[in-house]
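So this one's my_file07.tsv, TSV, C-alpha atoms and all ligand atoms:
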chain	number	residue	atom	x	y	z
A	1	MET	CA	134.79	84.82	103.38
A	2	THR	CA	132.00	84.73	105.96
A	3	PHE	CA	128.58	84.70	104.37
A	4	THR	CA	126.45	87.51	105.81
A	5	LEU	CA	122.79	88.24	105.32
A	6	SER	CA	123.56	91.74	104.04
A	7	GLN	CA	125.27	90.20	100.98
A	8	VAL	CA	122.12	88.34	99.95
A	9	VAL	CA	119.65	89.66	97.46
A	10	PRO	CA	116.66	87.65	98.69
A	11	TRP	CA	114.60	87.34	95.55
A	12	GLY	CA	112.71	84.08	95.10
A	13	ARG	CA	111.08	82.82	91.95
A	14	SER	CA	107.96	80.69	91.77
A	15	PHE	CA	107.53	76.98	91.11
A	16	ASP	CA	106.05	77.69	87.66
A	17	GLU	CA	109.06	79.80	86.77
A	18	TYR	CA	111.41	76.98	87.81
A	19	VAL	CA	109.49	74.49	85.67
A	20	ALA	CA	109.80	76.81	82.66
A	21	MET	CA	113.41	77.91	83.28
A	22	PHE	CA	114.60	74.31	83.51
A	23	ASP	CA	112.04	72.88	81.07
A	24	LEU	CA	111.13	70.25	83.67
A	25	THR	CA	108.93	67.32	82.65
A	26	ASP	CA	106.57	65.49	85.00
A	27	ALA	CA	108.98	62.54	85.00
A	28	GLU	CA	111.86	64.81	86.03
A	29	LEU	CA	109.71	66.41	88.73
A	30	ALA	CA	109.04	62.93	90.10
A	31	GLY	CA	112.78	62.29	90.57
A	32	ARG	CA	115.09	63.40	93.38
A	33	ILE	CA	116.02	67.03	92.79
A	34	VAL	CA	118.50	69.34	94.48
A	35	GLY	CA	118.05	73.07	94.00
A	36	CYS	CA	121.31	74.87	94.59
A	37	GLY	CA	121.05	78.52	95.59
A	38	ASP	CA	117.26	78.29	95.83
A	39	GLY	CA	117.16	81.05	98.45
A	40	PRO	CA	113.59	82.18	99.13
A	41	ALA	CA	112.13	80.58	95.95
A	42	SER	CA	108.90	78.59	96.34
A	43	PHE	CA	110.10	75.65	94.21
A	44	ASN	CA	110.77	73.39	97.20
A	45	ALA	CA	107.57	74.34	99.06
A	46	VAL	CA	105.29	73.72	96.09
A	47	LEU	CA	107.01	70.60	94.79
A	48	THR	CA	106.99	69.07	98.27
A	49	ARG	CA	103.27	69.81	98.61
A	50	ARG	CA	102.76	68.01	95.29
A	51	GLY	CA	104.54	64.94	96.59
A	52	GLY	CA	107.97	65.62	95.08
A	53	ARG	CA	111.35	64.87	96.62
A	54	VAL	CA	113.46	68.00	96.68
A	55	VAL	CA	116.26	69.44	98.77
A	56	SER	CA	117.37	73.07	98.54
A	57	VAL	CA	120.87	74.09	99.57
A	58	ASP	CA	121.86	77.69	100.21
A	59	PRO	CA	123.97	79.56	102.78
A	60	LEU	CA	120.84	81.65	103.42
A	61	TYR	CA	119.44	78.72	105.40
A	62	ARG	CA	121.77	79.34	108.33
A	63	PHE	CA	119.46	82.23	109.20
A	64	SER	CA	116.11	82.09	110.97
A	65	GLN	CA	112.70	82.63	109.38
A	66	ASP	CA	112.44	86.05	111.08
A	67	GLN	CA	115.90	87.12	109.91
A	68	ILE	CA	115.15	86.14	106.31
A	69	ARG	CA	111.72	87.81	106.39
A	70	GLU	CA	113.26	91.03	107.71
A	71	ARG	CA	115.97	90.96	105.00
A	72	ILE	CA	113.30	90.51	102.31
A	73	ARG	CA	111.27	93.37	103.78
A	74	ARG	CA	114.27	95.71	103.79
A	75	THR	CA	115.45	94.96	100.23
A	76	CYS	CA	112.26	94.37	98.25
A	77	ASP	CA	111.57	98.04	97.40
A	78	ASP	CA	115.19	98.60	96.31
A	79	ILE	CA	115.10	95.60	93.99
A	80	LEU	CA	111.84	96.74	92.40
A	81	GLU	CA	113.24	100.26	92.00
A	82	GLN	CA	116.34	98.86	90.26
A	83	THR	CA	114.10	96.81	87.98
A	84	ARG	CA	112.05	99.92	87.15
A	85	LYS	CA	115.23	101.82	86.25
A	86	ASN	CA	116.47	98.96	84.07
A	87	ALA	CA	113.06	97.98	82.66
A	88	HIS	CA	114.50	97.81	79.13
A	89	GLU	CA	116.59	94.79	80.19
A	90	PHE	CA	113.44	92.70	80.74
A	91	VAL	CA	110.69	91.19	78.60
A	92	TRP	CA	107.27	92.27	79.90
A	93	THR	CA	105.05	89.64	78.30
A	94	ARG	CA	104.67	86.87	80.88
A	95	ILE	CA	105.02	89.38	83.72
A	96	LYS	CA	103.34	92.61	82.65
A	97	SER	CA	104.65	95.27	85.04
A	98	VAL	CA	107.00	95.96	87.93
A	99	GLU	CA	103.94	95.89	90.25
A	100	GLU	CA	102.96	92.42	89.04
A	101	LEU	CA	106.58	91.31	89.40
A	102	GLY	CA	106.56	92.48	93.02
A	103	GLN	CA	103.32	90.61	93.75
A	104	LEU	CA	104.57	87.42	92.10
A	105	ARG	CA	107.90	87.47	93.91
A	106	MET	CA	106.37	88.34	97.30
A	107	ALA	CA	103.81	85.53	96.92
A	108	ALA	CA	106.59	83.06	96.12
A	109	MET	CA	108.70	84.25	99.05
A	110	GLU	CA	105.72	84.11	101.44
A	111	GLU	CA	105.17	80.51	100.35
A	112	PHE	CA	108.84	79.79	101.04
A	113	LEU	CA	108.71	81.50	104.45
A	114	SER	CA	105.62	79.55	105.52
A	115	ASP	CA	107.27	76.27	104.54
A	116	TYR	CA	110.71	77.13	105.92
A	117	PRO	CA	110.44	75.87	109.54
A	118	ALA	CA	108.98	72.51	108.47
A	119	GLY	CA	111.49	72.27	105.61
A	120	VAL	CA	114.45	72.87	107.93
A	121	ALA	CA	113.16	70.19	110.31
A	122	GLU	CA	112.73	67.76	107.41
A	123	LYS	CA	116.22	68.66	106.07
A	124	ARG	CA	114.72	70.00	102.84
A	125	TYR	CA	116.45	73.35	103.40
A	126	VAL	CA	120.12	72.67	103.99
A	127	ASP	CA	122.77	75.24	104.86
A	128	GLY	CA	125.62	74.77	102.39
A	129	GLU	CA	127.36	76.47	99.52
A	130	LEU	CA	129.11	75.79	96.27
A	131	PRO	CA	131.66	74.69	95.35
A	132	HIS	CA	131.29	71.95	98.03
A	133	LEU	CA	127.91	70.39	98.78
A	134	PRO	CA	127.19	68.30	101.87
A	135	PHE	CA	125.80	65.25	100.03
A	136	PRO	CA	127.28	61.87	98.99
A	137	ASP	CA	127.83	61.09	95.29
A	138	GLY	CA	124.66	60.40	93.31
A	139	THR	CA	122.21	61.49	96.03
A	140	PHE	CA	119.95	63.12	93.41
A	141	ASP	CA	118.79	62.58	89.83
A	142	LEU	CA	118.96	66.24	88.84
A	143	ALA	CA	120.54	69.46	90.13
A	144	VAL	CA	119.11	72.85	89.19
A	145	CYS	CA	120.75	76.19	89.79
A	146	SER	CA	118.80	79.37	89.08
A	147	HIS	CA	120.18	82.91	89.06
A	148	LEU	CA	123.47	82.22	90.78
A	149	LEU	CA	126.08	80.68	88.44
A	150	PHE	CA	126.70	82.76	85.29
A	151	LEU	CA	124.47	85.58	86.61
A	152	TYR	CA	127.18	86.63	89.09
A	153	SER	CA	130.03	86.20	86.62
A	154	GLU	CA	131.74	89.34	87.78
A	155	GLN	CA	131.88	88.10	91.36
A	156	LEU	CA	132.42	84.35	90.72
A	157	SER	CA	135.47	83.21	88.75
A	158	GLU	CA	135.63	80.81	85.82
A	159	ASP	CA	137.35	78.24	88.09
A	160	PHE	CA	134.54	78.60	90.62
A	161	HIS	CA	132.00	77.87	87.88
A	162	VAL	CA	133.84	74.77	86.67
A	163	GLU	CA	134.30	73.40	90.21
A	164	SER	CA	130.68	74.15	91.11
A	165	ILE	CA	129.19	72.47	88.04
A	166	LYS	CA	131.39	69.40	88.59
A	167	GLU	CA	130.13	69.33	92.18
A	168	LEU	CA	126.50	69.53	91.02
A	169	CYS	CA	127.19	66.61	88.67
A	170	ARG	CA	128.88	64.66	91.47
A	171	VAL	CA	125.77	64.81	93.64
A	172	ALA	CA	123.22	64.51	90.82
A	173	GLY	CA	124.75	63.23	87.54
A	174	GLU	CA	122.99	66.02	85.66
A	175	ALA	CA	123.02	69.76	86.25
A	176	ARG	CA	120.93	72.53	84.70
A	177	ILE	CA	121.94	76.14	85.07
A	178	PHE	CA	119.79	79.15	84.15
A	179	PRO	CA	120.26	81.83	82.90
A	180	LEU	CA	123.45	82.10	80.84
A	181	LEU	CA	123.39	85.89	81.17
A	182	GLU	CA	125.23	87.96	83.71
A	183	LEU	CA	123.90	91.09	85.39
A	184	GLY	CA	123.22	93.74	82.77
A	185	ALA	CA	121.52	91.16	80.54
A	186	ILE	CA	124.66	90.32	78.57
A	187	LYS	CA	125.96	86.83	77.83
A	188	SER	CA	128.07	85.59	80.72
A	189	ARG	CA	131.79	86.00	80.12
A	190	HIS	CA	132.31	82.44	81.45
A	191	VAL	CA	129.87	80.40	79.36
A	192	ASP	CA	132.17	79.47	76.46
A	193	ALA	CA	135.27	78.73	78.56
A	194	VAL	CA	133.31	76.73	81.17
A	195	SER	CA	131.58	74.72	78.46
A	196	ALA	CA	134.92	73.97	76.73
A	197	ARG	CA	136.68	72.96	79.94
A	198	LEU	CA	133.88	70.65	81.06
A	199	THR	CA	133.72	69.07	77.60
A	200	ASP	CA	137.50	68.50	77.69
A	201	GLU	CA	137.07	66.74	81.02
A	202	GLY	CA	134.53	64.32	79.55
A	203	TYR	CA	131.23	65.94	80.54
A	204	ASP	CA	128.37	66.19	78.05
A	205	VAL	CA	127.50	69.87	77.77
A	206	SER	CA	124.61	71.29	75.81
A	207	ILE	CA	122.86	74.64	75.68
A	208	ARG	CA	119.07	74.40	75.43
A	209	THR	CA	116.49	77.05	74.67
A	210	VAL	CA	113.71	76.99	77.25
A	211	PRO	CA	110.14	78.38	77.35
A	212	TYR	CA	111.05	81.23	79.73
A	213	GLU	CA	112.49	84.67	79.15
A	214	PHE	CA	112.36	87.54	81.60
A	215	GLN	CA	115.85	89.02	81.38
A	216	ARG	CA	115.95	90.04	77.71
A	217	GLY	CA	117.83	87.34	75.79
A	218	GLY	CA	117.82	85.01	78.82
A	219	ASN	CA	116.03	81.97	77.45
A	220	GLN	CA	118.80	79.39	77.52
A	221	MET	CA	120.08	76.95	80.10
A	222	MET	CA	123.26	74.91	80.26
A	223	ASN	CA	122.68	71.18	80.64
A	224	VAL	CA	125.69	69.18	81.89
A	225	ARG	CA	125.80	65.42	82.33
A	226	THR	CA	128.50	63.33	83.87
A	227	GLY	CA	129.09	61.42	80.61
A	228	ASP	CA	132.37	59.48	80.64
A	229	ALA	CA	133.92	61.79	83.20
A	301	LIG	C1	119.45	85.76	93.25
A	301	LIG	S1	119.19	84.48	94.42
A	301	LIG	C2	118.32	83.28	93.44
A	301	LIG	C3	117.31	82.51	94.25
A	301	LIG	C4	116.54	81.42	93.47
A	301	LIG	N1	117.44	80.45	92.90
A	301	LIG	C5	115.69	81.99	92.39
A	301	LIG	O1	116.04	81.91	91.22
A	301	LIG	O2	114.64	82.55	92.72
A	301	LIG	C6	120.81	83.74	94.58
A	301	LIG	C7	120.93	82.79	95.76
A	301	LIG	O3	122.22	82.17	95.73
A	301	LIG	C8	122.63	81.97	97.07
A	301	LIG	N2	124.09	81.76	97.10
A	301	LIG	C9	125.06	82.68	97.15
A	301	LIG	N3	126.28	82.08	97.13
A	301	LIG	C10	126.04	80.74	97.07
A	301	LIG	C11	126.89	79.58	97.00
A	301	LIG	N4	128.23	79.69	96.99
A	301	LIG	N5	126.31	78.36	96.93
A	301	LIG	C12	124.95	78.24	96.92
A	301	LIG	N6	124.11	79.30	96.97
A	301	LIG	C13	124.65	80.53	97.04
A	301	LIG	C14	122.16	83.22	97.78
A	301	LIG	O4	122.08	83.03	99.17
A	301	LIG	C15	120.80	83.45	97.12
A	301	LIG	O5	119.78	82.82	97.85

What does the file become when written as structure tokens?
Ligand SMILES: C[S@@+](CC[C@H](N)C(=O)[O-])C[C@H]1O[C@@H](n2cnc3c(N)ncnc32)[C@H](O)[C@@H]1O
Amino acid sequence: MTFTLSQVVPWGRSFDEYVAMFDLTDAELAGRIVGCGDGPASFNAVLTRRGGRVVSVDPLYRFSQDQIRERIRRTCDDILEQTRKNAHEFVWTRIKSVEELGQLRMAAMEEFLSDYPAGVAEKRYVDGELPHLPFPDGTFDLAVCSHLLFLYSEQLSEDFHVESIKELCRVAGEARIFPLLELGAIKSRHVDAVSARLTDEGYDVSIRTVPYEFQRGGNQMMNVRTGDA
């Protein structure tokens, strides 16, 4: 299927949110990280500014800065309206209101947009998509994947999840996926089966509670290591 900009929900989280979602230590932040499905998040921009080594891969990056900015502009109000309607699905402690959420997300996405041209030139924003990534084995120390796998469980099959997580481990040896909820703030239908299949294939799989919860009940990540696989 051809990836079109109209399919994308361009909603980017901040660097601080990534650190909390993936419980990243300073030592991990100093390693080589690939962010898969980073979209317009500011993780890459901020970590790069701090001297980190990070590559983001997303089919969104086949589009220009202007195209992405326009898509954000056209969808932002709808996303905030949806959040307002479903406010009960979220925990309003760290982020206090829909207005604050909008400001936080727009600031993160502005940071991404400002960094985008330089990041494309430096090959920090790479056009690519799971389940096949354009990197040799072991290019990175850690792969993170936020709000793509498990969240879109209705659209992405169990097989797609297994293949994608194996691919993340191929390029990085360790993968972290957050959250384990699907849309509607319910536990993803694929978590148990994916965990069992990866374990059967020799991967080390663990579920860790992290210091971040915005979707109600979404405070866990899956941690997968290559193990003996
Ligand atoms: C909801 S956004 C999450 C953005 C960011 N990770 C965050 O948490 O702020 C999901 C992203 O996944 C990207 N995406 C969709 N299909 C993908 C695939 N097969 N491989 C990698 N990224 C994909 C979309 O383009 C979009 O940028």

Find the residues of chain A that sit at most 8 Å from ligand LIG 301 (chain A); for each, write down the nearest two atoms and how far apart they are in Å, to one decimal. Count only C-alpha atoms and all ligand atoms. Sort by chain, then by number going up, and give it as CSV.
residue,atom,partner,partner_atom,distance
A:Val8,CA,A:LIG301,O4,5.4
A:Val9,CA,A:LIG301,C1,5.7
A:Pro10,CA,A:LIG301,O5,5.8
A:Trp11,CA,A:LIG301,S1,5.5
A:Gly12,CA,A:LIG301,O2,3.4
A:Arg13,CA,A:LIG301,O2,3.7
A:Ser14,CA,A:LIG301,O2,7.0
A:Tyr18,CA,A:LIG301,O1,7.6
A:Gly35,CA,A:LIG301,N1,7.5
A:Cys36,CA,A:LIG301,C12,5.5
A:Gly37,CA,A:LIG301,N6,3.4
A:Asp38,CA,A:LIG301,N1,3.6
A:Gly39,CA,A:LIG301,O5,3.2
A:Pro40,CA,A:LIG301,C3,6.1
A:Ala41,CA,A:LIG301,O2,4.5
A:Ser42,CA,A:LIG301,O2,7.9
A:Val57,CA,A:LIG301,C12,6.4
A:Asp58,CA,A:LIG301,N6,4.3
A:Pro59,CA,A:LIG301,O4,5.4
A:Leu60,CA,A:LIG301,O4,4.6
A:Gly128,CA,A:LIG301,C12,6.5
A:Glu129,CA,A:LIG301,N5,3.4
A:Leu130,CA,A:LIG301,N5,3.9
A:Pro131,CA,A:LIG301,N4,6.3
A:Cys145,CA,A:LIG301,N1,6.2
A:Ser146,CA,A:LIG301,N1,4.2
A:His147,CA,A:LIG301,C2,4.8
A:Leu148,CA,A:LIG301,C6,4.9

Quiz prompt | Which of A:Phe15, A:Phe63, A:Phe140, A:Phe22 sits closest to Pro211 in chain A [using all atoms listed in the file] | solution = A:Phe22

Quiz item: A:Cys169, A:Leu29, A:Leu181, A:Ala121: which is nearest Gly202 in chain A, counting all atoms listed in the file?
Solution: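 Smallest distance to Gly202 in chain A is found for A:Cys169.
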
Could I get the residues of range 74-183 of chain A with an atom no further than 10 Å from an atom of range 64-68 of chain A, each paired with its nearest atom pair and that distance in Å to one decimal, using only C-alpha atoms, sorted by chain and residue number, as JSON lines?
{"residue": "A:Arg74", "atom": "CA", "partner": "A:Ile68", "partner_atom": "CA", "distance": 9.9}
{"residue": "A:Met109", "atom": "CA", "partner": "A:Ile68", "partner_atom": "CA", "distance": 9.9}
{"residue": "A:Phe112", "atom": "CA", "partner": "A:Gln65", "partner_atom": "CA", "distance": 9.6}
{"residue": "A:Leu113", "atom": "CA", "partner": "A:Gln65", "partner_atom": "CA", "distance": 6.4}
{"residue": "A:Ser114", "atom": "CA", "partner": "A:Gln65", "partner_atom": "CA", "distance": 8.6}
{"residue": "A:Asp115", "atom": "CA", "partner": "A:Gln65", "partner_atom": "CA", "distance": 9.7}
{"residue": "A:Tyr116", "atom": "CA", "partner": "A:Gln65", "partner_atom": "CA", "distance": 6.8}
{"residue": "A:Pro117", "atom": "CA", "partner": "A:Gln65", "partner_atom": "CA", "distance": 7.1}
{"residue": "A:Val120", "atom": "CA", "partner": "A:Ser64", "partner_atom": "CA", "distance": 9.8}

Practice problem: Quote the spacing between CA of Ser195 in chain A and CA of Val224 in chain A in Å to one decimal place. | Solution: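 A separation of 8.8 Å between them.
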
Listed atoms of range 126-141 of chain A boxed axis-aligned with 6 Å per side, centre + edges as JSON:
{"center_x": 125.2, "center_y": 68.4, "center_z": 97.3, "size_x": 24.9, "size_y": 28.1, "size_z": 27.0}

Exercise. Go through A:Arg84, A:Arg94, A:Arg197, A:Arg32 and flag the residue nearest Ile165 in chain A, using only C-alpha atoms for the distances.
Key: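 Using only C-alpha atoms, Ile165 in chain A sits closest to A:Arg197.
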
Quiz item: What separation in Å, quoted to one decimal, exists between CA of Glu174 in chain A and CA of Arg105 in chain A?
Solution: 27.5 Å

Self-check item: Distance query Val98 in chain A at most 9 Å, only C-alpha atoms, self and fewer than 5 positions along chain excluded, as a VMD selection string
Solution: chain A and resid 80 to 81 83 to 84 87 92 103

Exercise. Rank A:Ala175, A:Ile186, A:Leu151, A:Leu168 by their smallest atom-to-atom distance to Val205 in chain A, using all atoms listed in the file, and report the top residue only.
Key: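 Closest residue, counting all atoms listed in the file: A:Ala175.
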
Self-check item: Which of A:Asp192, A:Ala108, A:Ile177, A:Tyr203 sits closest to Asn223 in chain A [using only C-alpha atoms]
Solution: A:Ile177

Practice problem: Kindly give the distance, in Å, that separates CA of Thr139 in chain A and CA of Thr209 in chain A, rounded to a single decimal. | Solution: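 Atom-to-atom, CA of Thr139 in chain A to CA of Thr209 in chain A, that is 27.0 Å.
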